[in-house]
>>> print(open('coords.tsv').read())   # TSV, C-alpha atoms
chain	number	residue	atom	x	y	z
A	136	MET	CA	53.97	50.33	163.55
A	137	ASN	CA	52.11	48.29	161.16
A	138	PRO	CA	53.51	44.75	161.55
A	139	ARG	CA	53.45	44.14	157.79
A	140	VAL	CA	55.52	47.28	157.17
A	141	ALA	CA	58.01	46.14	159.83
A	142	VAL	CA	58.50	42.75	158.15
A	143	VAL	CA	59.11	44.34	154.76
A	144	SER	CA	61.59	46.78	156.33
A	145	ALA	CA	63.47	43.95	157.99
A	146	VAL	CA	63.71	42.01	154.74
A	147	LEU	CA	65.08	45.03	152.91
A	148	THR	CA	67.60	45.63	155.70
A	149	ILE	CA	68.87	42.03	155.53
A	150	ALA	CA	69.14	42.19	151.74
A	151	SER	CA	71.14	45.39	151.89
A	152	LEU	CA	73.53	43.88	154.44
A	153	GLY	CA	74.25	40.86	152.20
A	154	GLY	CA	71.79	38.42	153.69
A	155	CYS	CA	72.00	36.26	156.75
A	156	LYS	CA	75.43	35.15	157.90
A	157	THR	CA	74.64	31.45	157.65
A	158	ALA	CA	77.35	28.86	157.02
A	159	PRO	CA	77.64	28.13	153.35
A	160	SER	CA	76.47	24.69	152.26
A	161	PRO	CA	79.28	22.43	151.11
A	162	LYS	CA	79.55	22.41	147.35
A	163	PRO	CA	79.41	19.03	145.68
A	164	ASN	CA	82.57	17.84	143.96
A	165	PRO	CA	82.43	18.80	140.31
A	166	THR	CA	81.98	15.90	137.92
A	167	PRO	CA	83.19	15.89	134.34
A	168	ALA	CA	80.52	17.08	131.97
A	169	GLU	CA	79.21	14.33	129.76
A	170	ALA	CA	79.08	14.95	126.04
A	171	PRO	CA	75.55	15.44	124.82
A	172	LYS	CA	74.13	12.21	123.50
A	173	LEU	CA	73.33	13.76	120.13
A	174	GLN	CA	76.89	14.95	119.70
A	175	SER	CA	78.22	11.55	120.68
A	176	ALA	CA	76.03	9.79	118.12
A	177	SER	CA	77.04	12.28	115.45
A	178	SER	CA	80.70	11.72	116.23
A	179	ALA	CA	80.24	7.98	115.93
A	180	LEU	CA	78.62	8.36	112.55
A	181	GLU	CA	81.37	10.64	111.29
A	182	ALA	CA	84.21	8.50	112.61
A	183	PRO	CA	86.33	7.02	109.80
A	184	ALA	CA	85.80	3.36	109.07
A	185	ALA	CA	88.49	0.86	109.92
A	186	PRO	CA	91.16	0.84	107.21
A	187	ARG	CA	90.78	-1.86	104.57
A	188	ALA	CA	92.98	-3.00	101.77
A	189	ALA	CA	92.35	-0.74	98.81
A	190	ARG	CA	91.06	-2.40	95.65
A	191	PRO	CA	93.37	-1.83	92.70
A	192	ALA	CA	92.31	0.97	90.38
A	193	GLN	CA	90.20	-0.25	87.48
A	194	PRO	CA	92.20	-0.94	84.30
A	195	ARG	CA	91.90	1.26	81.23
A	196	THR	CA	89.94	-1.54	79.57
A	197	GLU	CA	87.01	-0.68	81.86
A	198	GLY	CA	84.27	0.94	79.81
A	199	ARG	CA	86.25	0.46	76.62
A	200	LEU	CA	86.04	-3.32	76.20
A	201	ALA	CA	82.97	-5.48	76.68
A	202	ASN	CA	82.74	-7.46	79.93
A	203	THR	CA	84.19	-10.94	80.18
A	204	GLY	CA	80.89	-12.77	79.74
A	205	LEU	CA	80.07	-10.89	76.55
A	206	ILE	CA	83.59	-11.41	75.20
A	207	ILE	CA	83.30	-15.18	75.65
A	208	ASP	CA	79.76	-15.30	74.27
A	209	THR	CA	80.73	-13.24	71.22
A	210	PHE	CA	83.79	-15.40	70.58
A	211	GLY	CA	81.55	-18.47	70.79
A	212	THR	CA	79.08	-17.21	68.17
A	213	ARG	CA	81.57	-17.60	65.33
A	214	HIS	CA	81.04	-20.43	62.89
A	215	TRP	CA	84.38	-21.96	63.82
A	216	ALA	CA	83.64	-21.90	67.58
A	217	LYS	CA	81.03	-24.66	67.81
A	218	ASP	CA	83.46	-26.77	69.88
A	219	LEU	CA	84.47	-23.93	72.17
A	220	GLU	CA	85.88	-25.12	75.50
A	221	GLN	CA	87.79	-23.70	78.43
A	222	THR	CA	91.30	-25.14	78.54
A	223	PRO	CA	93.97	-25.30	81.27
A	224	SER	CA	95.94	-22.06	81.56
A	225	SER	CA	99.57	-22.82	82.26
A	226	VAL	CA	101.41	-20.38	84.51
A	227	ILE	CA	103.33	-17.97	82.27
A	228	GLU	CA	106.76	-17.37	83.75
A	229	THR	CA	108.22	-14.81	81.36
A	230	GLY	CA	107.21	-11.77	79.34
A	231	ILE	CA	104.55	-9.14	79.96
A	232	PHE	CA	101.96	-11.68	81.16
A	233	ARG	CA	104.25	-13.54	83.56
A	234	PHE	CA	102.40	-14.69	86.70
A	235	VAL	CA	99.22	-12.93	85.57
A	236	PRO	CA	96.24	-15.27	86.08
A	237	TYR	CA	94.06	-15.73	83.01
A	238	LEU	CA	91.21	-17.66	81.49
A	239	SER	CA	91.77	-19.45	78.21
A	240	TYR	CA	89.24	-20.74	75.66
A	241	ARG	CA	89.92	-22.64	72.47
A	242	ALA	CA	87.90	-23.64	69.43
A	243	ASP	CA	89.58	-25.47	66.58
A	244	ARG	CA	92.60	-23.30	65.61
A	245	PHE	CA	91.37	-20.25	67.52
A	246	GLU	CA	92.19	-19.16	71.05
A	247	LEU	CA	90.92	-16.49	73.45
A	248	ASN	CA	92.85	-15.40	76.56
A	249	ILE	CA	91.50	-13.02	79.22
A	250	TYR	CA	94.11	-11.72	81.68
A	251	GLY	CA	93.79	-10.56	85.28
A	252	ASP	CA	90.59	-10.09	87.25
A	253	PRO	CA	87.80	-11.76	85.23
A	254	MET	CA	85.41	-9.00	86.33
A	255	HIS	CA	87.82	-6.25	85.26
A	256	PRO	CA	90.27	-7.74	82.71
A	257	ALA	CA	93.66	-6.11	82.30
A	258	GLY	CA	93.94	-7.49	78.78
A	259	VAL	CA	92.31	-9.63	76.11
A	260	GLU	CA	93.79	-11.37	73.09
A	261	ILE	CA	92.50	-13.55	70.29
A	262	GLY	CA	94.75	-15.70	68.14
A	263	VAL	CA	94.68	-18.19	65.32
A	264	TYR	CA	97.14	-20.79	64.04
A	265	ALA	CA	97.74	-21.02	60.30
A	266	GLY	CA	95.20	-18.29	59.65
A	267	LYS	CA	94.64	-16.77	56.24
A	268	ALA	CA	94.34	-13.01	55.70
A	269	SER	CA	90.55	-13.28	55.63
A	270	THR	CA	90.60	-15.11	58.98
A	271	LYS	CA	92.74	-12.38	60.53
A	272	GLU	CA	90.34	-9.77	59.23
A	273	GLU	CA	87.48	-11.69	60.84
A	274	ILE	CA	89.29	-11.66	64.18
A	275	ARG	CA	89.93	-7.96	63.82
A	276	ASP	CA	86.25	-7.33	63.11
A	277	LEU	CA	85.35	-9.44	66.15
A	278	MET	CA	87.62	-7.35	68.36
A	279	VAL	CA	86.23	-4.13	66.89
A	280	GLY	CA	82.77	-5.28	67.92
A	281	LEU	CA	83.96	-5.74	71.51
A	282	LEU	CA	85.18	-2.14	71.79
A	283	GLN	CA	82.87	0.53	73.20
A	284	ARG	CA	84.50	3.72	71.92
A	285	PRO	CA	84.43	4.76	68.25
A	286	GLU	CA	88.01	6.05	68.46
A	287	ASP	CA	89.29	2.66	69.67
A	288	ARG	CA	87.34	0.85	66.97
A	289	GLU	CA	88.80	3.09	64.28
A	290	LEU	CA	92.32	2.49	65.59
A	291	VAL	CA	91.92	-1.30	65.45
A	292	ARG	CA	90.51	-1.10	61.93
A	293	HIS	CA	93.74	0.57	60.84
A	294	LEU	CA	96.12	-1.89	62.50
A	295	SER	CA	98.38	-3.69	60.06
A	296	LEU	CA	97.52	-7.39	59.95
A	297	ASP	CA	101.20	-8.22	59.49
A	298	GLU	CA	102.62	-6.64	62.66
A	299	ASP	CA	101.72	-3.47	64.50
A	300	GLU	CA	101.54	-1.80	67.91
A	301	LEU	CA	99.73	1.42	68.83
A	302	VAL	CA	98.94	3.03	72.18
A	303	ARG	CA	95.91	5.19	72.87
A	304	GLU	CA	94.98	6.64	76.26
A	305	GLY	CA	96.67	3.91	78.26
A	306	LEU	CA	95.64	0.94	76.10
A	307	THR	CA	98.04	-0.99	73.89
A	308	PHE	CA	96.68	-2.41	70.63
A	309	LYS	CA	99.07	-4.99	69.22
A	310	VAL	CA	99.28	-7.43	66.33
A	311	THR	CA	101.86	-10.17	66.90
A	312	PRO	CA	102.95	-12.21	63.85
A	313	PRO	CA	103.59	-15.98	63.98
A	314	THR	CA	107.32	-15.33	63.63
A	315	ALA	CA	107.57	-13.50	66.98
A	316	ASP	CA	109.44	-15.26	69.78
A	317	ASP	CA	106.41	-15.38	72.04
A	318	ALA	CA	103.83	-16.20	69.33
A	319	TYR	CA	104.51	-19.98	69.12
A	320	GLY	CA	103.33	-20.11	65.57
A	321	GLY	CA	100.11	-18.21	66.19
A	322	TRP	CA	98.89	-14.82	64.97
A	323	TRP	CA	97.56	-12.63	67.81
A	324	LEU	CA	95.55	-9.46	68.23
A	325	SER	CA	95.93	-8.16	71.79
A	326	ILE	CA	94.45	-5.23	73.70
A	327	TYR	CA	95.77	-4.55	77.19
A	328	ASP	CA	96.62	-1.94	79.82
A	329	VAL	CA	100.34	-2.28	80.61
A	330	ASN	CA	100.02	-0.77	84.09
A	331	ALA	CA	97.00	-2.92	84.94
A	332	VAL	CA	98.79	-6.04	83.72
A	333	ASP	CA	101.71	-5.22	85.99
A	334	LYS	CA	99.40	-4.74	88.98
A	335	ALA	CA	97.52	-7.95	88.12
A	336	ARG	CA	100.56	-10.13	88.73
A	337	ALA	CA	99.89	-12.68	91.43
A	338	SER	CA	102.16	-12.89	94.47
A	339	ASP	CA	103.82	-16.15	95.52
A	340	ASP	CA	101.17	-16.63	98.21
A	341	GLU	CA	98.34	-16.03	95.73
A	342	LEU	CA	99.86	-18.48	93.27
A	343	GLN	CA	99.73	-21.11	95.99
A	344	VAL	CA	95.97	-20.55	96.23
A	345	ILE	CA	94.89	-20.25	92.61
A	346	THR	CA	97.15	-22.78	90.89
A	347	VAL	CA	97.22	-26.56	90.92
A	348	THR	CA	99.64	-29.13	89.61
A	349	GLN	CA	98.32	-30.74	86.49
A	350	PRO	CA	98.22	-34.54	86.88
A	351	LYS	CA	100.82	-36.36	84.81
A	352	ASP	CA	98.20	-38.60	83.28
A	353	GLU	CA	96.20	-35.58	82.08
A	354	PRO	CA	97.11	-34.49	78.54
A	355	GLN	CA	99.11	-31.29	78.42
A	356	ALA	CA	98.05	-28.35	76.27
A	357	PRO	CA	99.45	-28.61	72.74
A	358	ALA	CA	102.87	-27.03	72.37
A	359	ARG	CA	101.57	-24.62	69.76
A	360	THR	CA	99.19	-22.86	72.16
A	361	LYS	CA	100.07	-19.59	73.76
A	362	HIS	CA	99.28	-20.90	77.23
A	363	SER	CA	102.97	-21.04	78.12
A	364	ARG	CA	104.56	-18.49	75.77
A	365	ARG	CA	107.65	-20.33	76.88
A	366	PRO	CA	107.84	-23.88	78.22
A	367	SER	CA	106.96	-23.75	81.89
A	368	GLN	CA	109.43	-25.13	84.42
A	369	SER	CA	106.54	-26.69	86.33
A	370	PRO	CA	103.19	-28.18	85.29
A	371	ARG	CA	101.24	-25.55	87.22
A	372	VAL	CA	97.95	-24.35	85.81
A	373	TYR	CA	95.51	-21.76	87.09
A	374	VAL	CA	92.24	-23.00	88.53
A	375	PRO	CA	89.34	-22.35	86.14
A	376	ASP	CA	87.37	-20.42	88.77
A	377	TYR	CA	89.02	-17.50	90.53
A	378	SER	CA	88.37	-13.84	91.24
A	379	ARG	CA	90.21	-10.84	92.60
A	380	GLU	CA	88.99	-9.26	95.82
A	381	ALA	CA	90.36	-6.40	97.93
A	382	ASP	CA	92.78	-8.79	99.62
A	383	GLY	CA	93.98	-10.39	96.39
A	384	TYR	CA	93.16	-13.39	94.21
A	385	ILE	CA	90.95	-16.12	95.65
A	386	ARG	CA	89.44	-19.37	94.42
A	387	THR	CA	85.73	-19.36	93.78
A	388	ASP	CA	85.22	-23.08	93.29
A	389	THR	CA	84.26	-25.44	96.10
A	390	GLU	CA	87.56	-27.27	96.32
A	391	ASP	CA	90.09	-26.59	99.03
A	392	PRO	CA	93.32	-24.88	97.96
A	393	LYS	CA	96.18	-27.29	97.53
>>> encode(input="coords.tsv", output="structure tokens")
Amino acid sequence: MNPRVAVVSAVLTIASLGGCKTAPSPKPNPTPAEAPKLQSASSALEAPAAPRAARPAQPRTEGRLANTGLIIDTFGTRHWAKDLEQTPSSVIETGIFRFVPYLSYRADRFELNIYGDPMHPAGVEIGVYAGKASTKEEIRDLMVGLLQRPEDRELVRHLSLDEDELVREGLTFKVTPPTADDAYGGWWLSIYDVNAVDKARASDDELQVITVTQPKDEPQAPARTKHSRRPSQSPRVYVPDYSREADGYIRTDTEDPK
């Protein structure tokens, strides 16, 4: 027989019989399959970020009133505002603006208050003491110029200069006469978001950070100003430099909190 044919025949015979009866090699212990590196990286990228304190929703004044810097600059361009200065803001302990931090500016008989987060004010008001009708009209025109929407401007133009209050899309437009309990002899035009004002109230812990005790030898704000709305039980005033971050109000000056 041809040797080559014999070898082929033997191979076929072994294959048909299931191969050689050799002892099977021990199988290695299975190891857990590793996730593909690409999948692992993708999972890491898609993993949710660590939870952080949510920043309060922007007030309704956003996009409808000018920003704080422009409000102050515009207020300061008036002929009666040549001596404009930032004044101490006493902690208000009653009424809608109780415990709401604010910035206050005064020039002669005129006053500007900006409530809440300076970057996203919850409310703005301008007042005058012993103002004539023409002066009130000038303040109304000033406020109209600070509004961004034609509908809001038109509403303010139609506010009664004696006393009035209208609400449009979450914003309150209010004229407070000098005879009101919280006016302290001043006439006020205010624009604010009630819900944002409520959310802008500082907690007890925040008040400890952004208020200081006014020194006794430092002259107090005149009683006629709206800084207190009602006489404060303590001489606390807000620091002139603060902001609101995700975790709450903080000081932005270089001094250590008291």
>>> closest_residue(input="coords.tsv", among="A:Ala257, A:Ile274, A:Ala201, A:Val347", to="Phe245 in chain A", atoms="only C-alpha atoms")
A:Ile274
>>> residues_around(input="coords.tsv", residues="Asp333 in chain A", least_positions_apart="5", cutoff="12 Å", atoms="all atoms listed in the file", output="list of chain:residue names")
A:Pro191, A:Pro194, A:Gly230, A:Ile231, A:Phe232, A:Arg233, A:Phe234, A:Val235, A:Pro236, A:Tyr250, A:Gly251, A:Ala257, A:Gly258, A:Tyr327, A:Asp328, A:Ser338
>>> closest_residue(input="coords.tsv", among="A:Leu200, A:Val302, A:Ile206, A:Val374", to="Arg284 in chain A", atoms="all atoms listed in the file")
A:Leu200
>>> atom_distance(input="coords.tsv", atom1="CA of Gly198 in chain A", atom2="CA of Gln283 in chain A")
6.8 Å
>>> closest_residue(input="coords.tsv", among="A:Leu301, A:Val372, A:Leu219, A:Leu205", to="Gln343 in chain A", atoms="all atoms listed in the file")
A:Val372
>>> axis_aligned_box(input="coords.tsv", around="range 218-233 of chain A", padding_each_side="6 Å", output="AutoDock Vina command-line options")
--center_x 95.8 --center_y -18.0 --center_z 77.2 --size_x 36.8 --size_y 29.6 --size_z 26.6
>>> atom_distance(input="coords.tsv", atom1="CA of Thr196 in chain A", atom2="CA of Val259 in chain A")
9.1 Å
>>> residues_around(input="coords.tsv", residues="Asp252 in chain A", least_positions_apart="2", cutoff="6 Å", atoms="all atoms listed in the file", output="list in words")
Met254, His255, Pro256, Ser378 and Arg379 of chain A
>>> residues_around(input="coords.tsv", residues="Lys271 in chain A", least_positions_apart="3", cutoff="9 Å", atoms="all atoms listed in the file", output="PDB file with C-alpha atoms, in the frame of the given file")
ATOM      1  CA  GLY A 262      94.750 -15.700  68.140  1.00  0.00           C
ATOM      2  CA  VAL A 263      94.680 -18.190  65.320  1.00  0.00           C
ATOM      3  CA  GLY A 266      95.200 -18.290  59.650  1.00  0.00           C
ATOM      4  CA  LYS A 267      94.640 -16.770  56.240  1.00  0.00           C
ATOM      5  CA  ALA A 268      94.340 -13.010  55.700  1.00  0.00           C
ATOM      6  CA  ILE A 274      89.290 -11.660  64.180  1.00  0.00           C
ATOM      7  CA  ARG A 275      89.930  -7.960  63.820  1.00  0.00           C
ATOM      8  CA  ASP A 276      86.250  -7.330  63.110  1.00  0.00           C
ATOM      9  CA  LEU A 296      97.520  -7.390  59.950  1.00  0.00           C
ATOM     10  CA  TRP A 322      98.890 -14.820  64.970  1.00  0.00           C
ATOM     11  CA  TRP A 323      97.560 -12.630  67.810  1.00  0.00           C
ATOM     12  CA  LEU A 324      95.550  -9.460  68.230  1.00  0.00           C
TER      13      LEU A 324
END
>>> closest_residue(input="coords.tsv", among="A:Pro375, A:Thr307, A:Asp218, A:Glu273", to="Val332 in chain A", atoms="only C-alpha atoms")
A:Thr307
>>> closest_residue(input="coords.tsv", among="A:Arg386, A:Arg303, A:His214, A:Arg371", to="Glu289 in chain A", atoms="all atoms listed in the file")
A:Arg303
>>> residues_around(input="coords.tsv", residues="Glu341 in chain A", least_positions_apart="6", cutoff="9 Å", atoms="only C-alpha atoms", output="list in words")
Gly383, Tyr384 and Ile385 of chain A
